[in-house]
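This is protein_3.txt (compact mmCIF, C-alpha atoms and all ligand atoms).
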# COMPACT_ATOMS: atom_id res chain seq x y z
CA MET A 1 0.00 0.00 0.00
CA GLN A 2 1.38 3.38 -1.02
CA TYR A 3 -0.25 6.76 -0.29
CA ASP A 4 0.80 10.40 -0.36
CA VAL A 5 -0.54 10.88 3.16
CA VAL A 6 -1.51 8.37 5.87
CA VAL A 7 -3.47 9.69 8.86
CA VAL A 8 -3.35 7.64 12.07
CA GLY A 9 -6.53 7.94 14.17
CA ALA A 10 -10.09 8.46 12.90
CA GLY A 11 -11.24 10.85 15.64
CA PRO A 12 -12.64 14.25 14.64
CA VAL A 13 -9.15 15.65 14.14
CA GLY A 14 -7.82 12.76 12.04
CA ALA A 15 -10.96 12.77 9.87
CA THR A 16 -10.61 16.52 9.28
CA ALA A 17 -6.87 16.30 8.52
CA ALA A 18 -7.49 13.43 6.07
CA ARG A 19 -10.29 15.34 4.33
CA TYR A 20 -8.15 18.45 3.92
CA ALA A 21 -5.23 16.40 2.58
CA ALA A 22 -7.55 14.83 -0.02
CA LEU A 23 -9.11 18.20 -0.91
CA ASN A 24 -5.56 19.44 -1.60
CA GLY A 25 -4.93 16.71 -4.15
CA ALA A 26 -3.26 13.93 -2.14
CA SER A 27 -4.07 10.22 -2.11
CA VAL A 28 -4.97 9.59 1.55
CA LEU A 29 -5.48 6.62 3.86
CA LEU A 30 -7.09 7.09 7.29
CA ILE A 31 -6.50 4.24 9.76
CA GLU A 32 -8.29 3.51 13.03
CA GLU A 33 -7.31 0.89 15.57
CA HIS A 34 -10.88 0.23 16.76
CA ALA A 35 -13.44 -1.83 14.87
CA SER A 36 -15.90 1.06 14.96
CA VAL A 37 -15.51 4.78 14.22
CA GLY A 38 -16.66 7.06 17.07
CA SER A 39 -16.53 4.39 19.75
CA PRO A 40 -15.64 4.25 22.59
CA VAL A 41 -16.61 7.86 23.34
CA GLY A 42 -14.31 9.85 25.65
CA CYS A 43 -16.02 13.23 25.63
CA THR A 44 -18.84 15.36 27.06
CA GLY A 45 -19.81 16.43 23.57
CA LEU A 46 -20.24 20.12 24.43
CA LEU A 47 -19.19 21.98 21.29
CA SER A 48 -19.32 25.73 20.77
CA THR A 49 -21.17 26.91 17.68
CA ARG A 50 -17.75 27.90 16.34
CA ALA A 51 -16.32 24.40 16.92
CA ILE A 52 -19.12 22.85 14.88
CA SER A 53 -18.60 25.25 12.00
CA GLU A 54 -14.80 24.79 12.18
CA CYS A 55 -15.53 21.15 11.33
CA ASP A 56 -17.50 22.37 8.27
CA VAL A 57 -20.79 20.88 9.45
CA LYS A 58 -24.17 22.38 10.23
CA PRO A 59 -25.78 21.65 13.63
CA THR A 60 -28.42 19.16 12.48
CA ASN A 61 -30.82 17.00 14.50
CA ASP A 62 -29.05 13.76 13.60
CA PHE A 63 -26.20 14.53 16.05
CA VAL A 64 -27.36 17.56 18.12
CA LEU A 65 -29.15 16.49 21.33
CA ASN A 66 -29.53 19.87 23.04
CA SER A 67 -28.44 23.48 22.77
CA VAL A 68 -27.20 25.66 25.62
CA ARG A 69 -26.91 29.40 25.99
CA GLY A 70 -24.96 29.84 29.20
CA ALA A 71 -23.48 28.48 32.40
CA HIS A 72 -24.28 28.53 36.09
CA ILE A 73 -20.91 28.66 37.81
CA TYR A 74 -20.97 27.51 41.44
CA SER A 75 -18.40 28.73 43.98
CA PRO A 76 -17.22 26.25 46.62
CA ASN A 77 -19.61 28.00 49.09
CA GLY A 78 -22.57 27.16 46.79
CA ASN A 79 -23.19 30.68 45.45
CA CYS A 80 -24.08 30.82 41.77
CA LEU A 81 -22.65 33.13 39.11
CA PRO A 82 -25.24 33.03 36.31
CA ILE A 83 -23.84 33.62 32.82
CA ASP A 84 -26.50 33.99 30.15
CA GLY A 85 -25.21 34.34 26.59
CA GLY A 86 -28.75 35.22 25.47
CA LYS A 87 -28.58 32.93 22.44
CA THR A 88 -27.27 29.46 21.58
CA LYS A 89 -23.58 29.37 22.43
CA ALA A 90 -22.95 25.62 22.29
CA TYR A 91 -24.50 22.29 21.39
CA VAL A 92 -24.61 19.01 23.28
CA ILE A 93 -23.94 16.35 20.71
CA SER A 94 -23.62 12.63 20.14
CA ARG A 95 -19.88 12.26 19.56
CA LYS A 96 -20.39 8.85 18.00
CA ILE A 97 -22.64 10.19 15.26
CA PHE A 98 -20.55 13.36 14.87
CA ASP A 99 -17.28 11.40 14.42
CA ARG A 100 -18.96 9.15 11.84
CA LYS A 101 -20.23 12.18 9.98
CA LEU A 102 -16.71 13.61 9.75
CA VAL A 103 -15.27 10.31 8.52
CA THR A 104 -18.07 10.06 5.94
CA MET A 105 -17.17 13.56 4.73
CA ALA A 106 -13.53 12.42 4.41
CA VAL A 107 -14.63 9.40 2.36
CA ASP A 108 -16.70 11.70 0.14
CA ALA A 109 -13.54 13.76 -0.45
CA GLY A 110 -11.73 10.61 -1.65
CA VAL A 111 -10.09 9.28 1.53
CA ASP A 112 -9.66 5.49 1.96
CA VAL A 113 -10.48 4.27 5.47
CA SER A 114 -9.16 1.16 7.19
CA ILE A 115 -10.62 0.25 10.59
CA ARG A 116 -9.13 -2.34 12.97
CA THR A 117 -5.75 -1.12 11.78
CA ARG A 118 -3.28 -0.11 14.49
CA ALA A 119 -0.01 1.71 13.81
CA VAL A 120 2.73 -0.17 15.66
CA GLY A 121 6.01 1.02 14.10
CA LEU A 122 7.49 3.84 12.07
CA ASN A 123 10.59 4.06 9.95
CA LYS A 124 10.96 7.55 8.55
CA ASN A 125 13.08 9.51 6.11
CA GLU A 126 12.74 12.50 3.76
CA LYS A 127 11.35 10.60 0.77
CA GLN A 128 9.22 7.81 2.15
CA GLN A 129 7.81 6.69 5.50
CA GLU A 130 7.24 3.03 6.36
CA LEU A 131 4.36 2.56 8.77
CA SER A 132 3.98 -0.89 10.32
CA VAL A 133 0.38 -1.71 11.12
CA LEU A 134 -1.57 -4.60 12.57
CA GLN A 135 -4.55 -4.89 10.24
CA ASN A 136 -7.09 -7.36 11.62
CA GLY A 137 -4.20 -8.88 13.54
CA VAL A 138 -1.91 -9.24 10.49
CA LEU A 139 1.35 -7.27 10.37
CA LYS A 140 1.64 -5.12 7.21
CA THR A 141 3.69 -2.19 5.93
CA ILE A 142 2.10 0.94 4.48
CA TYR A 143 4.27 3.43 2.57
CA ALA A 144 3.56 7.18 2.63
CA ASN A 145 5.30 10.47 1.92
CA VAL A 146 3.85 12.06 5.04
CA ILE A 147 2.27 10.54 8.16
CA ILE A 148 -0.15 12.62 10.26
CA GLY A 149 -0.39 11.44 13.87
CA ALA A 150 -3.93 12.22 15.08
CA ASP A 151 -3.87 9.29 17.47
CA GLY A 152 -5.08 11.00 20.62
CA VAL A 153 -3.64 11.88 24.00
CA ARG A 154 -1.32 8.86 24.30
CA SER A 155 0.05 9.30 20.79
CA ASN A 156 2.41 6.56 19.63
CA ILE A 157 3.24 8.41 16.45
CA ALA A 158 4.63 11.46 18.27
CA GLN A 159 6.81 9.19 20.38
CA MET A 160 7.97 7.10 17.41
CA ALA A 161 8.84 10.32 15.55
CA GLY A 162 10.95 11.51 18.49
CA LEU A 163 8.56 14.35 19.35
CA GLY A 164 7.84 13.09 22.88
CA GLN A 165 4.54 13.27 24.72
CA VAL A 166 2.40 16.09 26.07
CA ARG A 167 3.74 17.13 29.44
CA MET A 168 0.54 17.25 31.51
CA VAL A 169 -2.56 15.05 31.28
CA LEU A 170 -5.68 15.52 33.43
CA SER A 171 -7.77 12.49 34.38
CA GLY A 172 -11.32 13.02 33.16
CA ILE A 173 -14.31 10.97 34.27
CA GLN A 174 -17.99 11.34 33.44
CA ILE A 175 -21.28 9.53 33.69
CA GLU A 176 -24.48 10.08 31.75
CA ALA A 177 -27.23 9.69 34.31
CA PRO A 178 -30.73 10.63 35.40
CA TYR A 179 -30.47 14.21 36.69
CA LEU A 180 -33.16 16.84 37.07
CA SER A 181 -31.79 19.89 35.36
CA ASN A 182 -32.82 23.28 36.76
CA ASP A 183 -32.73 24.59 33.21
CA PRO A 184 -31.51 22.47 30.27
CA ASP A 185 -30.39 25.66 28.48
CA PHE A 186 -27.51 25.99 30.96
CA VAL A 187 -24.52 23.87 31.88
CA GLU A 188 -23.39 23.88 35.51
CA LEU A 189 -19.77 24.25 36.58
CA PHE A 190 -18.53 23.52 40.10
CA MET A 191 -15.26 25.13 41.14
CA GLY A 192 -12.88 24.34 43.98
CA SER A 193 -11.97 21.32 46.06
CA GLN A 194 -14.75 19.18 44.54
CA ALA A 195 -12.44 18.89 41.52
CA PRO A 196 -9.17 20.48 42.66
CA GLY A 197 -7.05 21.99 39.90
CA PHE A 198 -9.84 21.99 37.31
CA PHE A 199 -13.65 21.83 37.71
CA ALA A 200 -16.70 19.58 37.72
CA TRP A 201 -19.65 19.90 35.34
CA THR A 202 -23.19 18.85 34.55
CA VAL A 203 -24.14 19.16 30.89
CA PRO A 204 -27.84 18.60 30.16
CA VAL A 205 -28.79 16.17 27.40
CA ASN A 206 -32.41 17.03 28.27
CA GLU A 207 -34.48 17.97 31.37
CA LYS A 208 -34.02 14.52 32.90
CA VAL A 209 -30.58 13.32 31.81
CA SER A 210 -27.19 15.04 32.11
CA ARG A 211 -23.53 14.27 31.59
CA ILE A 212 -21.93 14.70 35.01
CA GLY A 213 -18.19 14.70 35.26
CA LEU A 214 -14.95 16.29 36.32
CA ALA A 215 -11.24 16.33 35.66
CA VAL A 216 -8.39 16.35 38.15
CA PRO A 217 -4.65 16.66 37.61
CA ALA A 218 -2.67 13.46 37.07
CA GLY A 219 -3.80 10.57 39.26
CA ASN A 220 -5.56 7.59 37.74
CA GLU A 221 -9.07 6.32 37.13
CA SER A 222 -9.78 5.40 40.76
CA TYR A 223 -8.48 8.80 41.94
CA ALA A 224 -10.88 10.60 39.56
CA LEU A 225 -13.72 8.20 40.51
CA GLN A 226 -13.29 9.11 44.18
CA TYR A 227 -13.96 12.78 43.35
CA LEU A 228 -16.92 11.88 41.11
CA ASN A 229 -18.49 9.88 43.95
CA GLY A 230 -17.94 12.90 46.21
CA LEU A 231 -19.67 15.15 43.70
CA LEU A 232 -22.66 12.82 43.24
CA ASN A 233 -23.18 12.07 46.91
CA SER A 234 -21.91 15.05 48.90
CA CYS A 235 -22.20 18.14 46.72
CA GLN A 236 -25.62 19.43 47.73
CA GLY A 237 -26.38 21.12 44.41
CA VAL A 238 -25.77 17.85 42.56
CA SER A 239 -26.77 15.06 44.94
CA ALA A 240 -30.31 16.43 45.42
CA ARG A 241 -30.98 16.19 41.67
CA TYR A 242 -28.99 13.05 40.79
CA GLY A 243 -31.48 10.25 40.24
CA GLY A 244 -28.95 7.44 40.91
CA GLY A 245 -27.54 4.89 38.50
CA THR A 246 -25.43 5.30 35.40
CA LEU A 247 -26.39 5.12 31.73
CA ASP A 248 -22.87 5.55 30.45
CA LEU A 249 -19.36 5.86 31.92
CA VAL A 250 -16.48 7.68 30.27
CA TYR A 251 -12.82 7.86 31.32
CA GLY A 252 -10.23 9.81 29.38
CA GLY A 253 -7.07 11.87 29.50
CA ILE A 254 -7.13 15.60 28.73
CA PRO A 255 -3.75 16.91 27.55
CA LEU A 256 -2.74 20.37 28.68
CA GLY A 257 -0.10 22.35 26.84
CA PRO A 258 1.09 21.63 23.31
CA LEU A 259 4.15 19.57 22.37
CA GLU A 260 7.27 21.66 21.94
CA LYS A 261 7.50 20.50 18.34
CA THR A 262 4.69 19.09 16.22
CA ALA A 263 6.59 18.51 12.98
CA ALA A 264 9.50 16.22 12.17
CA CYS A 265 10.87 14.83 8.93
CA GLY A 266 7.95 12.95 7.32
CA VAL A 267 5.58 13.40 10.29
CA LEU A 268 3.03 15.94 11.58
CA ILE A 269 1.18 15.63 14.89
CA THR A 270 -2.24 17.18 15.46
CA GLY A 271 -5.20 17.29 17.87
CA ASP A 272 -4.96 15.75 21.35
CA ALA A 273 -1.79 13.99 20.21
CA ALA A 274 -0.17 17.44 19.92
CA GLY A 275 -1.81 18.85 23.07
CA GLN A 276 -3.91 21.23 20.95
CA VAL A 277 -6.62 21.55 23.61
CA LYS A 278 -8.04 24.61 25.40
CA PRO A 279 -6.45 24.51 28.89
CA THR A 280 -9.37 26.49 30.37
CA SER A 281 -12.05 23.92 29.48
CA GLY A 282 -10.30 20.77 28.21
CA GLY A 283 -12.18 21.15 24.91
CA GLY A 284 -10.15 19.87 21.99
CA ILE A 285 -12.47 19.82 18.98
CA TYR A 286 -12.32 23.49 17.96
CA VAL A 287 -8.54 23.86 18.28
CA GLY A 288 -7.89 20.36 16.93
CA ALA A 289 -10.05 20.85 13.83
CA ALA A 290 -8.47 24.25 13.08
CA CYS A 291 -4.97 22.73 13.31
CA ALA A 292 -5.99 19.57 11.41
CA LYS A 293 -6.99 21.63 8.37
CA ILE A 294 -3.52 23.18 8.27
CA ALA A 295 -1.88 19.77 8.82
CA GLY A 296 -3.89 18.19 5.99
CA GLU A 297 -3.09 20.97 3.56
CA VAL A 298 0.65 21.15 4.36
CA ALA A 299 1.02 17.35 4.30
CA ALA A 300 -0.70 17.07 0.92
CA LEU A 301 1.35 19.81 -0.73
CA ALA A 302 4.66 18.53 0.72
CA ALA A 303 3.84 14.96 -0.39
CA ILE A 304 2.98 16.08 -3.92
CA GLU A 305 6.24 18.08 -4.06
CA GLU A 306 8.02 14.93 -2.76
CA ASN A 307 9.62 17.02 -0.05
CA ALA A 308 8.78 15.73 3.41
CA SER A 309 11.78 17.36 5.08
CA GLU A 310 11.40 18.87 8.53
CA ASP A 311 12.00 22.31 7.00
CA ARG A 312 9.10 21.90 4.58
CA LEU A 313 6.73 20.48 7.19
CA ASN A 314 7.58 23.23 9.66
CA GLU A 315 5.12 25.37 7.70
CA TYR A 316 2.42 23.55 9.69
CA GLU A 317 4.08 24.37 13.00
CA LYS A 318 4.41 28.07 12.11
CA ARG A 319 0.85 28.41 10.80
CA TRP A 320 -0.99 26.74 13.66
CA ARG A 321 1.05 28.55 16.30
CA ALA A 322 0.39 31.90 14.57
CA LYS A 323 -3.35 31.14 14.59
CA LEU A 324 -3.80 29.64 18.06
CA GLY A 325 -0.48 29.52 19.94
CA ARG A 326 -1.03 32.70 21.95
CA GLU A 327 -4.60 31.76 22.91
CA LEU A 328 -3.38 28.36 24.18
CA SER A 329 -0.56 29.92 26.14
CA ILE A 330 -2.87 32.51 27.80
CA GLY A 331 -5.34 29.67 28.45
CA MET A 332 -2.57 27.74 30.20
CA LYS A 333 -1.81 30.72 32.43
CA ILE A 334 -5.51 31.12 33.30
CA HIS A 335 -5.65 27.38 34.09
CA GLU A 336 -2.59 27.58 36.36
CA PHE A 337 -3.86 30.70 38.10
CA MET A 338 -7.36 29.35 38.75
CA GLY A 339 -6.00 25.93 39.79
CA GLY A 340 -3.82 27.60 42.44
CA LEU A 341 -6.69 29.41 44.22
CA SER A 342 -8.06 28.12 47.53
CA ASP A 343 -11.81 27.61 48.03
CA ASN A 344 -11.99 30.94 49.92
CA GLU A 345 -10.18 32.78 47.14
CA LEU A 346 -12.52 31.24 44.54
CA ASP A 347 -15.53 32.29 46.63
CA ASP A 348 -14.16 35.86 46.71
CA LEU A 349 -13.28 35.95 43.02
CA LEU A 350 -16.58 34.56 41.74
CA GLY A 351 -18.49 36.66 44.30
CA SER A 352 -16.77 39.82 43.08
CA MET A 353 -17.80 39.00 39.51
CA ASN A 354 -21.48 38.80 40.44
CA THR A 355 -22.33 42.41 39.58
CA PRO A 356 -24.61 43.54 36.73
CA ALA A 357 -21.72 45.39 35.03
CA ILE A 358 -19.40 42.37 35.02
CA LEU A 359 -22.17 39.94 34.03
CA ASN A 360 -22.96 42.21 31.06
CA LEU A 361 -19.29 42.23 30.12
CA ILE A 362 -19.19 38.42 30.27
CA THR A 363 -22.32 38.19 28.12
CA GLU A 364 -20.83 40.54 25.57
CA TYR A 365 -17.24 39.28 25.44
CA GLY A 366 -17.34 35.73 26.90
CA ASP A 367 -16.08 33.28 24.30
CA MET A 368 -15.53 29.57 25.09
CA ASP A 369 -12.84 29.35 22.44
CA HIS A 370 -11.04 32.63 23.08
CA PRO A 371 -11.17 33.39 26.84
CA SER A 372 -8.34 35.92 26.49
CA ILE A 373 -10.79 38.45 24.98
CA LEU A 374 -12.88 38.49 28.17
CA ILE A 375 -9.87 38.42 30.48
CA LYS A 376 -8.51 41.59 28.89
CA LYS A 377 -11.89 43.30 29.39
CA LEU A 378 -12.16 42.08 32.99
CA LEU A 379 -8.73 43.45 33.77
CA SER A 380 -9.69 46.96 32.71
CA PRO A 381 -9.25 49.45 35.59
CA SER A 382 -12.96 50.31 35.60
CA ASN A 383 -13.81 46.92 37.11
CA SER A 384 -14.15 46.13 40.80
CA TRP A 385 -11.16 46.72 43.05
CA GLN A 386 -11.67 43.35 44.74
CA MET A 387 -11.45 41.46 41.50
CA MET A 388 -8.52 43.50 40.27
CA ASN A 389 -6.76 42.65 43.50
CA MET A 390 -7.43 38.96 42.97
CA PHE A 391 -6.24 39.08 39.41
CA ARG A 392 -3.19 41.22 40.07
CA ALA A 393 -0.72 38.33 40.15
CA PHE A 394 -2.35 36.89 37.08
CA ALA A 395 -2.23 40.18 35.21
CA LYS A 396 1.49 40.46 35.95
CA ALA A 397 2.04 36.99 34.57
CA ILE A 398 0.33 37.45 31.25
CA LEU A 399 0.51 41.11 30.25
C1 LIG A 401 -14.06 13.38 29.94
C2 LIG A 401 -13.77 14.22 28.72
C3 LIG A 401 -14.68 15.18 28.30
C4 LIG A 401 -14.42 15.96 27.16
N1 LIG A 401 -15.36 16.88 26.76
C5 LIG A 401 -15.13 17.66 25.66
C6 LIG A 401 -16.11 18.56 25.21
O1 LIG A 401 -17.19 18.68 25.76
N2 LIG A 401 -15.82 19.33 24.11
C7 LIG A 401 -14.63 19.22 23.44
O2 LIG A 401 -14.38 19.97 22.46
N3 LIG A 401 -13.69 18.33 23.85
C8 LIG A 401 -13.91 17.54 24.93
N4 LIG A 401 -12.99 16.62 25.34
C9 LIG A 401 -11.76 16.50 24.55
C10 LIG A 401 -12.05 15.78 23.24
O3 LIG A 401 -12.66 14.54 23.50
C11 LIG A 401 -10.74 15.59 22.46
O4 LIG A 401 -10.06 16.84 22.42
C12 LIG A 401 -11.00 15.10 21.05
O5 LIG A 401 -11.58 13.83 21.04
C13 LIG A 401 -9.67 15.05 20.31
O6 LIG A 401 -9.85 14.51 19.05
P1 LIG A 401 -8.65 13.72 18.34
O7 LIG A 401 -9.18 13.30 17.02
O8 LIG A 401 -7.40 14.51 18.44
O9 LIG A 401 -8.38 12.45 19.27
P2 LIG A 401 -9.35 11.25 19.61
O10 LIG A 401 -10.77 11.65 19.56
O11 LIG A 401 -8.81 10.67 20.88
O12 LIG A 401 -9.10 10.23 18.42
C14 LIG A 401 -7.88 9.53 18.29
C15 LIG A 401 -8.17 8.27 17.52
O13 LIG A 401 -6.94 7.61 17.24
C16 LIG A 401 -7.12 6.23 17.40
N5 LIG A 401 -5.79 5.65 17.63
C17 LIG A 401 -4.98 5.82 18.70
N6 LIG A 401 -3.81 5.16 18.54
C18 LIG A 401 -3.88 4.57 17.32
C19 LIG A 401 -2.98 3.75 16.58
N7 LIG A 401 -1.77 3.42 17.05
N8 LIG A 401 -3.36 3.27 15.36
C20 LIG A 401 -4.61 3.61 14.86
N9 LIG A 401 -5.50 4.37 15.51
C21 LIG A 401 -5.14 4.86 16.73
C22 LIG A 401 -8.05 6.13 18.60
O14 LIG A 401 -8.71 4.88 18.64
C23 LIG A 401 -9.01 7.27 18.32
O15 LIG A 401 -10.12 6.87 17.55
C24 LIG A 401 -13.21 15.81 26.46
C25 LIG A 401 -12.28 14.84 26.88
C26 LIG A 401 -12.56 14.05 27.99
C27 LIG A 401 -11.55 13.02 28.41
Can the structure in the file be given as structure tokens, please?
Amino acid sequence: MQYDVVVVGAGPVGATAARYAALNGASVLLIEEHASVGSPVGCTGLLSTRAISECDVKPTNDFVLNSVRGAHIYSPNGNCLPIDGGKTKAYVISRKIFDRKLVTMAVDAGVDVSIRTRAVGLNKNEKQQELSVLQNGVLKTIYANVIIGADGVRSNIAQMAGLGQVRMVLSGIQIEAPYLSNDPDFVELFMGSQAPGFFAWTVPVNEKVSRIGLAVPAGNESYALQYLNGLLNSCQGVSARYGGGTLDLVYGGIPLGPLEKTAACGVLITGDAAGQVKPTSGGGIYVGAACAKIAGEVAALAAIEENASEDRLNEYEKRWRAKLGRELSIGMKIHEFMGGLSDNELDDLLGSMNTPAILNLITEYGDMDHPSILIKKLLSPSNSWQMMNMFRAFAKAIL
């Protein structure tokens, strides 16, 4: 088997990279280790309107389960900061159907797909890459000019290409369960020691069912499960509305902070594999899809030119960092700052934001995908002294 571009991993990012490579004239193979695209699911499926359109799809009823327009953010002391975007800001989706839709779009663009095909080895040079795969248990070699590693948070391809691994991975855990939502137009976020270092969430699928989860730094599945049990049984806001039982259980790693290098001779890394995830929310679809388009285009053109040198492929690195690098690095600083606050400090910070003027500012400038826009507005001297005081250390760090 010989292709211009082989993409490893048929998640949303791999499917998008493969499609863009094909649209730019390359012969493309997309491989997936599992026997089914879109399964198992490791995601809440909360996608901003921008994330959906970045994937070049319209929000249709076949994969959209609910739409939300804001968030109720709970301080550790139980007070609520209500953020109402006033219109649909995000959709709750079926990731399984969404992922399949993206792979179908790749096939329509001319991509070949091979499921139950796991990349297990890589031999690379400037002209041709040899990818060893186990296809239905049989060892085979696939030849390509460029390999795109879109193989998720524990990327083998990045490691085999000598690009290392993302430096920090949060442990995420979530159940879908009976839960009486106060208002299915709003997600709920719980800050503080219920999910130290990140946050917990409930995302309504409808009035009676929500996705309830959290992420915590490092640890393992049982560590994250301990916190989830705490949330379900001891957090008053949640336990009173949790109907018991579990319809679905999801575990997964959330990478924080991009790889230092995402291009090597013959190889590009994109999506979770490259740590292209918003550190403020753990959302990876918007950033991943935006980077995947660049990866697909650069890989196709380099393959057609028969120049897969690191120099040539560095175009990808430069373009995605110019588009999203600063947002990710500010997001990382926000994540570190928020994660370092005690429960009392979070109570003070969120309490100080609960004024009509600041809520209006959040409604006007709040953007799930670009939190830096709001942060700059919040740091303006006209805002409350208490909040400025809280943010002073943060302001020094990022401005
Ligand atoms: C609990 C949780 C909740 C989340 N919620 C959200 C959310 O609400 N919104 C959001 O935007 N993001 C969310 N995310 C993040 C989101 O799921 C990821 O950012 C997104 O799936 C990344 O897409 P990807 O294509 O890069 O990787 P993946 O979706 O992980 O796809 C990688 C694919 O590669 C395949 N693969 C791996 N190794 C190989 C190999 N060697 N050979 C062949 N195939 C291979 C895997 O089977 C997989 O199909 C969440 C993550 C977690 C853990």
ask   = Hey, what's within 9 Å of range 64-81 of chain A if we count only C-alpha atoms and toss same-chain stuff fewer than 2 positions away? As a PyMOL selection string, please?
value = chain A and resi 46+59-62+83-94+98+184-194+203-206+236-237+343-344+346-351+353-354+359+363
Store the residues of this selection in a file with C-alpha atoms, as a short mmCIF file (atom, residue, chain, number, x, y, z; two decimals), in the frame of the given file.
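Wrote selection.cif, looks like this:
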data_model
loop_
_atom_site.label_atom_id
_atom_site.label_comp_id
_atom_site.auth_asym_id
_atom_site.auth_seq_id
_atom_site.Cartn_x
_atom_site.Cartn_y
_atom_site.Cartn_z
CA LEU A 46 -20.24 20.12 24.43
CA PRO A 59 -25.78 21.65 13.63
CA THR A 60 -28.42 19.16 12.48
CA ASN A 61 -30.82 17.00 14.50
CA ASP A 62 -29.05 13.76 13.60
CA ILE A 83 -23.84 33.62 32.82
CA ASP A 84 -26.50 33.99 30.15
CA GLY A 85 -25.21 34.34 26.59
CA GLY A 86 -28.75 35.22 25.47
CA LYS A 87 -28.58 32.93 22.44
CA THR A 88 -27.27 29.46 21.58
CA LYS A 89 -23.58 29.37 22.43
CA ALA A 90 -22.95 25.62 22.29
CA TYR A 91 -24.50 22.29 21.39
CA VAL A 92 -24.61 19.01 23.28
CA ILE A 93 -23.94 16.35 20.71
CA SER A 94 -23.62 12.63 20.14
CA PHE A 98 -20.55 13.36 14.87
CA PRO A 184 -31.51 22.47 30.27
CA ASP A 185 -30.39 25.66 28.48
CA PHE A 186 -27.51 25.99 30.96
CA VAL A 187 -24.52 23.87 31.88
CA GLU A 188 -23.39 23.88 35.51
CA LEU A 189 -19.77 24.25 36.58
CA PHE A 190 -18.53 23.52 40.10
CA MET A 191 -15.26 25.13 41.14
CA GLY A 192 -12.88 24.34 43.98
CA SER A 193 -11.97 21.32 46.06
CA GLN A 194 -14.75 19.18 44.54
CA VAL A 203 -24.14 19.16 30.89
CA PRO A 204 -27.84 18.60 30.16
CA VAL A 205 -28.79 16.17 27.40
CA ASN A 206 -32.41 17.03 28.27
CA GLN A 236 -25.62 19.43 47.73
CA GLY A 237 -26.38 21.12 44.41
CA ASP A 343 -11.81 27.61 48.03
CA ASN A 344 -11.99 30.94 49.92
CA LEU A 346 -12.52 31.24 44.54
CA ASP A 347 -15.53 32.29 46.63
CA ASP A 348 -14.16 35.86 46.71
CA LEU A 349 -13.28 35.95 43.02
CA LEU A 350 -16.58 34.56 41.74
CA GLY A 351 -18.49 36.66 44.30
CA MET A 353 -17.80 39.00 39.51
CA ASN A 354 -21.48 38.80 40.44
CA LEU A 359 -22.17 39.94 34.03
CA THR A 363 -22.32 38.19 28.12
#
request  = Please indicate the distance in Å from CA of Met332 in chain A to CA of Ile52 in chain A, rounded to one decimal place.
outcome  =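 So the two atoms, CA of Met332 in chain A and CA of Ile52 in chain A, lie 23.1 Å apart.
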Compile a residue-level contact table for chain A against ligand LIG 401 (chain A) at a cut-off of 7 Å, reporting for every qualifying residue the shortest atom pair and its distance in Å to one decimal, with all atoms listed in the file counted, rows ordered by chain and ascending number, as a tab-separated table.
residue	atom	partner	partner_atom	distance
A:Val8	CA	A:LIG401	C20	5.1
A:Gly9	CA	A:LIG401	O13	3.1
A:Ala10	CA	A:LIG401	O15	4.9
A:Gly11	CA	A:LIG401	O7	3.5
A:Pro12	CA	A:LIG401	O7	4.3
A:Val13	CA	A:LIG401	O7	3.7
A:Gly14	CA	A:LIG401	O7	5.2
A:Ile31	CA	A:LIG401	C20	5.5
A:Glu32	CA	A:LIG401	N9	3.8
A:Glu33	CA	A:LIG401	C20	3.9
A:His34	CA	A:LIG401	O14	5.5
A:Val37	CA	A:LIG401	O15	6.7
A:Gly38	CA	A:LIG401	O15	6.6
A:Gly42	CA	A:LIG401	C27	5.0
A:Cys43	CA	A:LIG401	C4	3.5
A:Thr44	CA	A:LIG401	N1	3.8
A:Gly45	CA	A:LIG401	O1	4.1
A:Leu46	CA	A:LIG401	O1	3.6
A:Leu47	CA	A:LIG401	N2	5.1
A:Thr117	CA	A:LIG401	C20	5.8
A:Arg118	CA	A:LIG401	N8	3.5
A:Ala119	CA	A:LIG401	N8	4.0
A:Val120	CA	A:LIG401	N7	5.9
A:Ala150	CA	A:LIG401	O8	5.3
A:Asp151	CA	A:LIG401	O13	3.5
A:Gly152	CA	A:LIG401	O11	3.8
A:Val153	CA	A:LIG401	O11	6.2
A:Ser155	CA	A:LIG401	N6	6.1
A:Asn156	CA	A:LIG401	N7	5.8
A:Gly172	CA	A:LIG401	C1	4.2
A:Ile173	CA	A:LIG401	C1	5.0
A:Gln174	CA	A:LIG401	C1	5.6
A:Gly213	CA	A:LIG401	C1	6.9
A:Val250	CA	A:LIG401	C1	6.2
A:Tyr251	CA	A:LIG401	C1	5.8
A:Gly252	CA	A:LIG401	C27	3.6
A:Gly253	CA	A:LIG401	C27	4.8
A:Ile254	CA	A:LIG401	C27	5.1
A:Thr270	CA	A:LIG401	O8	6.5
A:Gly271	CA	A:LIG401	O8	3.6
A:Asp272	CA	A:LIG401	O8	4.0
A:Ala273	CA	A:LIG401	O8	5.9
A:Val277	CA	A:LIG401	O4	6.0
A:Gly282	CA	A:LIG401	N4	5.7
A:Gly283	CA	A:LIG401	N3	3.4
A:Gly284	CA	A:LIG401	O4	3.1
A:Ile285	CA	A:LIG401	O2	4.0
A:Tyr286	CA	A:LIG401	O2	6.1
A:Gly288	CA	A:LIG401	O8	6.1
task = Using all atoms listed in the file, pick whichever of A:Asn233, A:Asn123, A:Asn220, A:Ser27 has the shortest atom-to-atom distance to Gly162 in chain A.
result =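 Under the stated criterion, the closest residue is A:Asn123.
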